[in-house]
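Coordinates from data_16.cif are shown below (mmCIF, C-alpha atoms).
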```cif
data_structure
#
loop_
_atom_site.label_atom_id
_atom_site.label_comp_id
_atom_site.auth_asym_id
_atom_site.auth_seq_id
_atom_site.Cartn_x
_atom_site.Cartn_y
_atom_site.Cartn_z
CA MET A 1 -32.87 -30.34 -35.04
CA THR A 2 -31.00 -27.11 -35.70
CA GLU A 3 -32.14 -24.09 -37.60
CA PRO A 4 -30.01 -22.96 -40.51
CA HIS A 5 -28.33 -19.55 -40.41
CA GLN A 6 -27.75 -18.92 -44.06
CA ASP A 7 -26.64 -15.32 -43.48
CA LEU A 8 -24.04 -16.13 -40.87
CA LYS A 9 -20.66 -14.65 -41.80
CA PRO A 10 -17.38 -14.86 -39.92
CA GLY A 11 -16.57 -11.48 -38.42
CA LYS A 12 -15.00 -9.77 -35.44
CA TYR A 13 -16.62 -11.21 -32.39
CA THR A 14 -15.49 -9.10 -29.48
CA MET A 15 -17.05 -8.09 -26.21
CA ASN A 16 -15.76 -5.34 -23.94
CA PHE A 17 -16.11 -5.37 -20.18
CA LYS A 18 -15.57 -2.18 -18.26
CA THR A 19 -15.72 -2.26 -14.47
CA ILE A 20 -16.21 1.09 -12.76
CA PHE A 21 -16.33 1.88 -9.07
CA ASP A 22 -16.37 5.20 -7.30
CA ARG A 23 -17.09 5.09 -3.61
CA ALA A 24 -17.91 8.78 -3.52
CA HIS A 25 -20.91 8.37 -5.80
CA ALA A 26 -22.35 4.90 -5.40
CA ASP A 27 -22.17 1.76 -3.41
CA PHE A 28 -22.29 -0.45 -6.47
CA ILE A 29 -19.62 -1.74 -8.80
CA ILE A 30 -20.84 -0.97 -12.28
CA LEU A 31 -20.17 -3.33 -15.13
CA ASN A 32 -20.57 -1.97 -18.64
CA ILE A 33 -20.73 -4.56 -21.38
CA SER A 34 -20.55 -3.72 -25.05
CA VAL A 35 -20.56 -6.07 -28.03
CA SER A 36 -19.32 -5.71 -31.57
CA ASP A 37 -22.04 -5.51 -34.22
CA ASP A 38 -21.12 -8.91 -35.65
CA LEU A 39 -21.41 -10.55 -32.29
CA ARG A 40 -24.67 -8.79 -31.54
CA GLU A 41 -26.14 -10.01 -34.80
CA LEU A 42 -24.94 -13.51 -34.09
CA ILE A 43 -26.54 -13.59 -30.64
CA LYS A 44 -29.69 -12.02 -32.02
CA SER A 45 -29.95 -14.79 -34.57
CA THR A 46 -30.32 -17.29 -31.74
CA ALA A 47 -33.04 -15.29 -29.98
CA ILE A 48 -36.78 -14.99 -30.63
CA SER A 49 -38.83 -11.83 -30.24
CA GLU A 50 -40.64 -12.90 -27.07
CA ILE A 51 -39.52 -11.04 -23.93
CA THR A 52 -39.14 -12.41 -20.42
CA GLU A 53 -37.79 -11.16 -17.08
CA TYR A 54 -34.67 -12.54 -15.46
CA SER A 55 -32.33 -11.85 -12.58
CA ILE A 56 -28.61 -12.02 -11.90
CA LEU A 57 -27.26 -12.96 -8.48
CA GLY A 58 -25.90 -9.89 -6.69
CA VAL A 59 -27.22 -7.32 -9.18
CA ASP A 60 -29.09 -4.25 -7.91
CA GLU A 61 -32.63 -5.52 -7.44
CA SER A 62 -34.24 -2.17 -8.14
CA THR A 63 -33.30 -2.61 -11.79
CA GLU A 64 -35.72 -4.71 -13.79
CA LEU A 65 -33.90 -6.97 -16.19
CA LYS A 66 -35.53 -8.15 -19.39
CA ARG A 67 -34.23 -10.49 -22.03
CA TYR A 68 -35.22 -12.07 -25.29
CA LYS A 69 -36.12 -15.72 -25.11
CA ALA A 70 -33.57 -17.89 -26.88
CA LYS A 71 -34.08 -20.73 -29.28
CA LYS A 72 -34.21 -23.94 -27.33
CA TRP A 73 -31.55 -25.80 -29.30
CA ILE A 74 -28.90 -23.24 -28.36
CA TYR A 75 -30.16 -22.34 -24.88
CA CYS A 76 -29.96 -25.94 -23.69
CA THR A 77 -26.26 -26.05 -24.55
CA LEU A 78 -25.52 -23.25 -22.06
CA THR A 79 -25.13 -24.22 -18.44
CA SER A 80 -24.07 -21.23 -16.34
CA LYS A 81 -26.53 -18.96 -14.51
CA ALA A 82 -25.09 -16.05 -16.47
CA LYS A 83 -26.52 -17.38 -19.76
CA ALA A 84 -29.72 -15.32 -19.46
CA ALA A 85 -27.72 -12.09 -19.61
CA LEU A 86 -26.42 -12.99 -23.08
CA PHE A 87 -29.90 -12.29 -24.39
CA ASP A 88 -30.41 -9.08 -22.40
CA LYS A 89 -32.86 -6.87 -24.27
CA ILE A 90 -30.87 -3.66 -23.94
CA LEU A 91 -27.63 -5.40 -24.90
CA LEU A 92 -29.11 -6.87 -28.06
CA ASP A 93 -31.06 -3.73 -28.98
CA THR A 94 -28.32 -1.17 -28.44
CA GLY A 95 -25.09 -3.14 -28.32
CA GLU A 96 -24.28 -2.18 -24.75
CA THR A 97 -25.74 -2.52 -21.29
CA GLN A 98 -24.93 -1.90 -17.66
CA PHE A 99 -25.28 -3.99 -14.51
CA ARG A 100 -24.80 -2.74 -10.95
CA PHE A 101 -23.21 -5.31 -8.65
CA ALA A 102 -23.32 -5.20 -4.87
CA SER A 103 -20.14 -7.19 -4.42
CA ALA A 104 -16.87 -7.88 -6.22
CA ILE A 105 -17.28 -11.64 -5.82
CA TYR A 106 -20.71 -11.63 -7.50
CA LEU A 107 -19.24 -9.53 -10.28
CA GLU A 108 -16.35 -11.93 -10.76
CA ASP A 109 -18.64 -14.96 -10.78
CA PHE A 110 -20.88 -13.32 -13.33
CA ILE A 111 -18.03 -12.34 -15.66
CA ARG A 112 -16.57 -15.85 -15.53
CA GLY A 113 -19.92 -17.47 -16.34
CA PHE A 114 -20.76 -14.89 -18.97
CA LYS A 115 -17.47 -15.34 -20.84
CA LEU A 116 -17.82 -19.09 -20.76
CA GLU A 117 -21.33 -19.00 -22.14
CA LEU A 118 -20.43 -16.45 -24.75
CA LYS A 119 -17.73 -18.78 -26.02
CA ASN A 120 -20.08 -21.76 -25.95
CA LEU A 121 -22.78 -19.88 -27.78
CA VAL A 122 -20.57 -18.66 -30.60
CA GLN A 123 -18.87 -22.00 -30.86
CA ASN A 124 -22.13 -23.91 -31.11
CA VAL A 125 -23.69 -21.50 -33.55
CA PHE A 126 -20.73 -21.91 -35.90
CA LYS A 127 -20.57 -25.61 -35.45
CA TYR A 128 -24.17 -26.54 -35.93
CA SER A 129 -26.11 -23.77 -37.57
CA ASN A 130 -25.41 -24.73 -41.18
CA ILE A 131 -26.08 -28.40 -40.88
CA ASP A 132 -28.29 -29.71 -43.61
CA VAL A 133 -29.74 -32.97 -42.37
CA THR A 134 -32.28 -35.23 -43.98
CA VAL A 135 -33.73 -37.94 -41.86
CA ASN A 136 -35.48 -40.85 -43.48
CA ILE A 137 -37.42 -43.00 -41.17
CA GLY A 138 -38.62 -46.39 -42.17
CA VAL A 139 -40.39 -48.71 -39.83
CA GLU A 140 -39.67 -52.37 -40.37
CA LYS A 141 -42.66 -54.59 -40.70
CA MET B 1 -13.70 12.28 0.64
CA THR B 2 -12.25 11.93 4.15
CA GLN B 3 -11.31 8.40 4.99
CA GLN B 4 -10.56 7.25 8.50
CA ILE B 5 -8.06 4.45 8.28
CA HIS B 6 -6.89 1.98 10.90
CA VAL B 7 -3.56 0.18 10.80
CA GLY B 8 -2.40 -2.53 13.19
CA ILE B 9 0.76 -4.63 13.16
CA GLU B 10 1.55 -8.16 14.31
CA LEU B 11 5.30 -8.51 14.51
CA GLU B 12 6.77 -11.98 14.95
CA CYS B 13 10.37 -12.01 16.16
CA VAL B 14 12.99 -13.65 18.33
CA LEU B 15 13.91 -11.45 21.29
CA ASN B 16 17.16 -11.45 23.19
CA SER B 17 15.81 -11.99 26.69
CA ALA B 18 19.19 -11.10 28.18
CA ILE B 19 18.41 -7.49 27.19
CA ASN B 20 14.60 -7.48 27.03
CA ASP B 21 13.01 -10.08 29.22
CA ILE B 22 9.31 -9.50 28.73
CA ILE B 23 6.30 -11.49 29.88
CA VAL B 24 4.69 -13.37 27.00
CA GLY B 25 0.94 -14.01 27.08
CA GLU B 26 -0.91 -17.00 25.68
CA TYR B 27 -1.86 -17.32 22.00
CA HIS B 28 -4.46 -14.62 21.22
CA GLU B 29 -4.37 -13.56 24.89
CA GLY B 30 -1.55 -11.09 24.82
CA VAL B 31 -0.27 -9.24 27.85
CA THR B 32 0.80 -5.60 27.76
CA VAL B 33 4.48 -5.00 27.13
CA GLU B 34 6.00 -3.14 30.05
CA ASP B 35 6.94 0.47 29.21
CA LEU B 36 5.31 0.23 25.79
CA PRO B 37 1.68 1.30 26.11
CA GLY B 38 -0.77 -0.28 23.68
CA TRP B 39 1.56 -3.07 22.58
CA SER B 40 1.01 -6.61 23.76
CA SER B 41 3.04 -9.78 23.54
CA GLU B 42 1.75 -13.27 22.93
CA TYR B 43 2.96 -16.78 22.26
CA ASP B 44 2.98 -18.13 18.70
CA GLY B 45 3.78 -21.80 18.20
CA SER B 46 4.79 -21.34 14.57
CA LEU B 47 7.91 -19.41 15.52
CA ASN B 48 11.33 -21.02 15.70
CA SER B 49 14.08 -19.23 17.62
CA LYS B 50 16.89 -21.13 15.84
CA HIS B 51 18.98 -20.24 18.90
CA GLU B 52 19.65 -16.80 17.52
CA PHE B 53 20.60 -15.59 20.99
CA GLY B 54 21.52 -18.95 22.49
CA LYS B 55 19.63 -19.76 25.67
CA HIS B 56 18.29 -16.19 25.76
CA SER B 57 16.21 -16.62 22.58
CA LEU B 58 12.57 -15.80 23.19
CA CYS B 59 10.00 -16.27 20.43
CA VAL B 60 7.20 -13.75 20.64
CA GLU B 61 4.49 -12.07 18.60
CA LEU B 62 4.18 -8.37 19.36
CA VAL B 63 0.82 -6.79 18.60
CA SER B 64 0.56 -3.04 18.16
CA PRO B 65 -2.30 -0.72 19.05
CA LEU B 66 -4.34 0.78 16.19
CA PHE B 67 -2.77 3.67 14.31
CA LYS B 68 -4.84 6.17 12.38
CA SER B 69 -2.22 7.98 10.31
CA ARG B 70 1.36 7.73 9.03
CA ARG B 71 2.48 10.03 11.83
CA ALA B 72 0.82 7.80 14.45
CA LEU B 73 2.33 4.68 12.91
CA MET B 74 5.83 6.14 12.77
CA LYS B 75 5.47 7.43 16.33
CA GLY B 76 4.48 3.89 17.36
CA ILE B 77 7.51 2.48 15.53
CA GLU B 78 9.74 5.08 17.24
CA ASP B 79 8.34 4.14 20.67
CA PHE B 80 8.91 0.48 19.85
CA LYS B 81 12.49 1.22 18.86
CA ASN B 82 13.14 3.24 22.02
CA ARG B 83 11.68 0.54 24.23
CA PHE B 84 13.61 -2.36 22.79
CA SER B 85 16.85 -0.51 22.02
CA GLY B 86 17.02 0.87 25.57
CA HIS B 87 16.71 4.42 24.22
CA GLY B 88 19.30 3.93 21.52
CA ARG B 89 21.84 1.86 23.47
CA HIS B 90 21.40 -1.26 21.32
CA GLU B 91 21.19 -1.84 17.59
CA LEU B 92 18.26 -3.93 16.38
CA ASN B 93 20.31 -7.08 15.72
CA GLU B 94 21.47 -7.08 19.35
CA VAL B 95 17.96 -7.16 20.77
CA MET B 96 15.86 -9.02 18.22
CA SER B 97 16.07 -10.98 15.03
CA PHE B 98 13.73 -11.89 12.21
CA ASN B 99 14.31 -15.34 10.79
CA ASP B 100 12.34 -17.23 8.15
CA SER B 101 9.73 -18.40 10.65
CA CYS B 102 8.83 -14.79 11.43
CA GLY B 103 6.27 -12.71 9.55
CA ALA B 104 4.98 -9.19 9.94
CA HIS B 105 1.24 -9.12 9.40
CA LEU B 106 -0.55 -5.87 8.92
CA HIS B 107 -4.25 -5.21 9.46
CA PHE B 108 -5.75 -2.40 7.49
CA SER B 109 -9.25 -0.99 7.29
CA ILE B 110 -11.04 2.07 5.98
CA GLU B 111 -14.04 3.12 8.03
CA GLY B 112 -17.34 2.17 6.40
CA PHE B 113 -15.64 0.34 3.55
CA SER B 114 -15.38 -3.36 2.84
CA PHE B 115 -12.45 -4.56 0.74
CA SER B 116 -13.98 -8.00 0.21
CA ASP B 117 -17.19 -6.45 -1.11
CA LYS B 118 -16.02 -3.58 -3.23
CA VAL B 119 -12.50 -4.27 -4.40
CA ILE B 120 -11.93 -6.38 -7.48
CA TYR B 121 -9.04 -8.83 -7.66
CA GLU B 122 -7.01 -6.73 -10.12
CA ILE B 123 -6.27 -4.11 -7.45
CA TYR B 124 -4.22 -6.38 -5.18
CA PRO B 125 -1.41 -7.34 -7.59
CA LYS B 126 -0.89 -3.62 -8.22
CA VAL B 127 -0.21 -3.07 -4.51
CA ARG B 128 2.16 -6.02 -4.44
CA PHE B 129 4.15 -4.69 -7.40
CA ARG B 130 4.30 -1.23 -5.82
CA PHE B 131 5.71 -2.82 -2.65
CA PHE B 132 8.30 -4.78 -4.63
CA GLU B 133 9.29 -1.69 -6.56
CA LYS B 134 9.69 0.43 -3.43
CA LEU B 135 11.59 -2.29 -1.63
CA ARG B 136 14.04 -2.76 -4.50
CA GLU B 137 14.78 0.97 -4.45
CA SER B 138 15.28 1.00 -0.68
CA ASN B 139 18.44 0.92 1.44
CA ILE B 140 17.38 -2.23 3.24
CA LYS B 141 20.26 -4.67 2.81
CA SER B 142 18.14 -7.79 3.15
CA ARG B 143 15.54 -6.56 0.63
CA HIS B 144 16.13 -9.56 -1.62
CA ASN B 145 15.55 -11.93 1.31
CA ILE B 146 12.32 -10.13 2.09
CA LEU B 147 11.18 -10.44 -1.50
CA GLU B 148 12.06 -14.13 -1.69
CA HIS B 149 10.23 -14.77 1.56
CA TYR B 150 7.16 -12.82 0.45
CA ASN B 151 5.37 -15.87 -0.95
CA ARG B 152 5.23 -18.63 1.62
CA SER B 153 2.83 -21.40 2.56
CA TYR B 154 0.94 -19.39 5.16
CA ALA B 155 0.89 -16.21 3.09
CA GLN B 156 0.39 -17.37 -0.48
CA ILE B 157 0.45 -14.89 -3.32
CA LEU B 158 -3.11 -13.99 -4.16
CA THR B 159 -4.49 -15.58 -7.30
CA LYS B 160 -8.02 -15.17 -8.59
CA GLU B 161 -8.96 -18.60 -7.25
CA ILE B 162 -7.56 -17.89 -3.78
CA TRP B 163 -9.23 -14.49 -3.79
CA ARG B 164 -12.61 -16.01 -4.66
CA ILE B 165 -12.57 -18.45 -1.75
CA LYS B 166 -11.21 -15.79 0.65
CA SER B 167 -8.46 -18.00 1.96
CA ARG B 168 -7.12 -17.09 5.42
CA ARG B 169 -3.63 -18.05 4.33
CA ALA B 170 -3.53 -15.70 1.38
CA GLU B 171 -1.24 -12.73 0.87
CA PHE B 172 -4.29 -10.54 1.46
CA ASN B 173 -6.57 -12.23 3.96
CA LEU B 174 -10.03 -10.81 3.36
CA SER B 175 -11.85 -13.16 5.70
CA SER B 176 -10.39 -11.29 8.68
CA GLU B 177 -12.65 -8.41 7.63
CA SER B 178 -15.68 -10.42 8.66
CA GLU B 179 -14.15 -10.69 12.14
CA ARG B 180 -13.92 -6.88 12.21
CA LYS B 181 -10.11 -7.01 12.16
CA GLY B 182 -9.71 -5.31 8.81
CA MET B 183 -8.04 -6.75 5.77
CA GLU B 184 -4.80 -8.55 6.65
CA TRP B 185 -1.65 -8.22 4.56
CA ARG B 186 0.13 -11.41 5.54
CA SER B 187 3.10 -11.60 3.20
CA LEU B 188 5.09 -8.81 4.78
CA ASN B 189 8.23 -9.86 6.60
CA LEU B 190 11.42 -8.36 7.94
CA LEU B 191 13.71 -11.26 7.17
CA ASN B 192 17.30 -10.48 8.23
CA VAL B 193 16.65 -6.79 8.90
CA ARG B 194 19.43 -5.75 11.24
CA THR B 195 19.22 -2.03 11.92
CA TRP B 196 16.62 0.34 13.32
CA ASP B 197 16.96 2.59 10.27
CA GLU B 198 16.04 -0.31 8.00
CA PHE B 199 13.18 -1.17 10.33
CA SER B 200 11.73 2.36 10.10
CA GLU B 201 12.30 2.53 6.36
CA PHE B 202 10.42 -0.73 5.92
CA TRP B 203 7.31 0.60 7.66
CA ASN B 204 7.49 3.82 5.67
CA ILE B 205 7.44 1.76 2.48
CA VAL B 206 4.52 -0.27 3.76
CA TYR B 207 2.58 2.88 4.57
CA ASP B 208 3.29 4.23 1.06
CA CYS B 209 1.75 1.06 -0.31
CA LEU B 210 -1.28 1.41 1.97
CA GLU B 211 -1.83 4.94 0.70
CA TYR B 212 -1.60 3.58 -2.82
CA LEU B 213 -4.10 0.82 -1.99
CA CYS B 214 -6.38 3.40 -0.44
CA ALA B 215 -6.27 5.52 -3.59
CA ILE B 216 -6.80 2.75 -6.12
CA SER B 217 -9.45 0.84 -4.18
CA GLN B 218 -11.85 3.75 -3.67
CA LYS B 219 -12.16 4.64 -7.31
CA TYR B 220 -11.17 2.43 -10.19
CA GLU B 221 -11.80 1.39 -13.75
CA ASN B 222 -10.91 -1.94 -15.21
CA ILE B 223 -11.20 -2.57 -18.90
CA GLU B 224 -11.11 -5.98 -20.50
CA GLU B 225 -11.68 -7.05 -24.08
CA VAL B 226 -12.73 -10.58 -24.85
CA LYS B 227 -12.14 -11.86 -28.36
CA ILE B 228 -13.97 -14.96 -29.34
CA MET B 229 -11.93 -17.49 -31.25
CA ASP B 230 -11.87 -17.29 -35.00
CA GLU B 231 -13.84 -19.79 -37.04
CA ASP B 232 -10.97 -22.27 -37.53
CA GLU B 233 -10.35 -22.51 -33.82
CA ILE B 234 -14.03 -22.91 -33.10
CA GLN B 235 -14.22 -25.85 -35.49
CA LYS B 236 -11.38 -27.63 -33.69
CA THR B 237 -12.77 -27.22 -30.19
CA PRO B 238 -15.23 -29.75 -28.82
CA SER B 239 -18.31 -28.17 -27.37
CA VAL B 240 -21.01 -29.01 -24.89
CA LEU B 241 -23.55 -29.67 -27.62
CA CYS B 242 -21.22 -32.07 -29.37
CA GLN B 243 -21.08 -34.21 -26.24
CA VAL B 244 -24.83 -34.06 -25.77
CA MET B 245 -25.55 -35.11 -29.33
CA SER B 246 -23.07 -37.98 -29.38
CA TYR B 247 -24.69 -39.31 -26.22
CA LYS B 248 -28.14 -39.08 -27.78
CA ARG B 249 -26.91 -40.84 -30.91
CA ARG B 250 -25.52 -43.76 -28.93
CA LYS B 251 -28.76 -44.06 -27.03
CA ARG B 252 -30.86 -43.88 -30.18
CA ARG B 253 -28.90 -46.64 -31.89
CA LYS B 254 -29.43 -48.96 -29.00
CA THR B 255 -33.10 -48.29 -28.49
CA TYR B 256 -34.41 -47.72 -31.98
CA SER B 257 -32.46 -50.03 -34.20
CA ASN B 258 -35.32 -50.15 -36.70
CA ILE B 259 -35.05 -46.44 -37.54
CA LYS B 260 -32.70 -45.65 -40.40
CA ILE B 261 -30.99 -42.28 -40.38
CA SER B 262 -29.19 -40.95 -43.41
CA VAL B 263 -27.33 -37.69 -43.59
CA LYS B 264 -26.52 -35.75 -46.72
CA ASP B 265 -23.06 -34.60 -45.75
CA THR B 266 -21.52 -36.53 -42.91
CA LYS B 267 -18.65 -34.08 -42.40
CA GLU B 268 -20.94 -31.21 -41.67
CA ALA B 269 -23.13 -33.24 -39.41
CA PHE B 270 -20.41 -33.75 -36.80
CA LEU B 271 -20.40 -37.55 -37.21
#
```

Would you give me this structure, written as structure tokens?
Amino acid sequence: MTEPHQDLKPGKYTMNFKTIFDRAHADFIILNISVSDDLRELIKSTAISEITEYSILGVDESTELKRYKAKKWIYCTLTSKAKAALFDKILLDTGETQFRFASAIYLEDFIRGFKLELKNLVQNVFKYSNIDVTVNIGVEK
Amino acid sequence: MTQQIHVGIELECVLNSAINDIIVGEYHEGVTVEDLPGWSSEYDGSLNSKHEFGKHSLCVELVSPLFKSRRALMKGIEDFKNRFSGHGRHELNEVMSFNDSCGAHLHFSIEGFSFSDKVIYEIYPKVRFRFFEKLRESNIKSRHNILEHYNRSYAQILTKEIWRIKSRRAEFNLSSESERKGMEWRSLNLLNVRTWDEFSEFWNIVYDCLEYLCAISQKYENIEEVKIMDEDEIQKTPSVLCQVMSYKRRKRRKTYSNIKISVKDTKEAFL
């Protein structure tokens, strides 16, 4: 049902959001996201090495977004459209990434969804990753 | 970067028609105010005269022309003052009054720039606080009335939720931008302002705030740190998965009663 994370240790799970806009230089609102090492490791532990493309509503379409595929048991617990960005390849490889949003409303929607899913992910990993379950099935004659 | 700005005012007031008897146009079909080029007057059903000037009370919304600078705005305010004061013969409270049904809406735009697209929510409260700060420091006697009247049903203080749905009745009405009328600052009011000096000072303060908005909305940085709950808190909080699994368990019991499930440690297995 769930996969054990024997190496999981409680740590500082923080994520920083930095919104930057300068009309003189660009027509996009830039969102920089950076994660603490502990949090990055935790998210990584729920991902697999396979890569896929994804998109975010309102993000500069000239940028190609790639993410790691996530383990099904955790991915199905996340509901918002922003969940794909949690497994962004650059974010998980380097600890920080950047998205360019065309509008403030799209940015706000993304941040809300992203925070929610981040919380859900960490919460579910802690709650279920160390479960040791044995299932005995016997069919009655 | 040069920015061409446009400012327009909608001033709701009760006029003393014994001194200034002007023709009032229909709602959104204003007619030009005599001897005040660019300004128009129109009817607004939300206004209540409260018999401020007895039978001579005339409720009206006065709409200004577009101003492109502080100098142009203050010149417009000066012209307004001269017109309605009879070139200084009357003090403001003799010719008009601002009661609690009256607002002073301001339309503001920067050429080639969309507030609803490019300005994050966090910018707007900063402008509001700047306005409050400036007003408190001012010589306007009714400043506390103005502050108390700032948040009202048809000009509600902007919250993130209101901002997201672009409510027309918000403190900052961003939906008016899509009608090419610029962003509308609806919470302004001149409640109980009684002198022309206070009137001019008020618009100077408002323009200061617009300059501030201009500066902070064209270039900004917003930093936010999100800390995920610690492990104890996480354990206490129910999660999406927990609900999903309990549903599946109920279903499984009903359907497959012949399958026996045993768990090593029930506490850990969220049962």

- Message: For this structure, which residues satisfy the selection - the PyMOL selection byres ((chain B and resi 221) around 7) - when it is evaluated on the file as given? I want them as number ranges by chain.
- Response: A: 18-21; B: 220, 222-223

- Surrounding residues of range 59-72 of chain A excluding itself and chain neighbours under 5 positions, 10 Å, all atoms listed in the file, as a VMD selection string: chain A and resid 2 to 3 28 to 30 43 to 54 77 84 to 92 99 to 103 106 to 107 110

- Message: Rounded to one decimal, what separation in Å do you get between CA of Tyr27 in chain B and CA of Tyr154 in chain B?
- Response: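 Computed distance, CA of Tyr27 in chain B to CA of Tyr154 in chain B, equals 17.2 Å.
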
- Task: For CA of Glu96 in chain A and CA of Lys227 in chain B, quote the distance in Å rounded to one decimal.
- Result: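 Between these atoms lies a distance of 15.9 Å.
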
- Expanded to explicit residues, what is the PyMOL selection byres ((chain A and resi 37) around 9) for this file, as a list in words?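 Residues picked by the PyMOL selection byres ((chain A and resi 37) around 9): Lys12, Tyr13, Thr14, Val35, Ser36, Asp38, Leu39, Arg40, Glu41, Leu42 and Gly95 of chain A.
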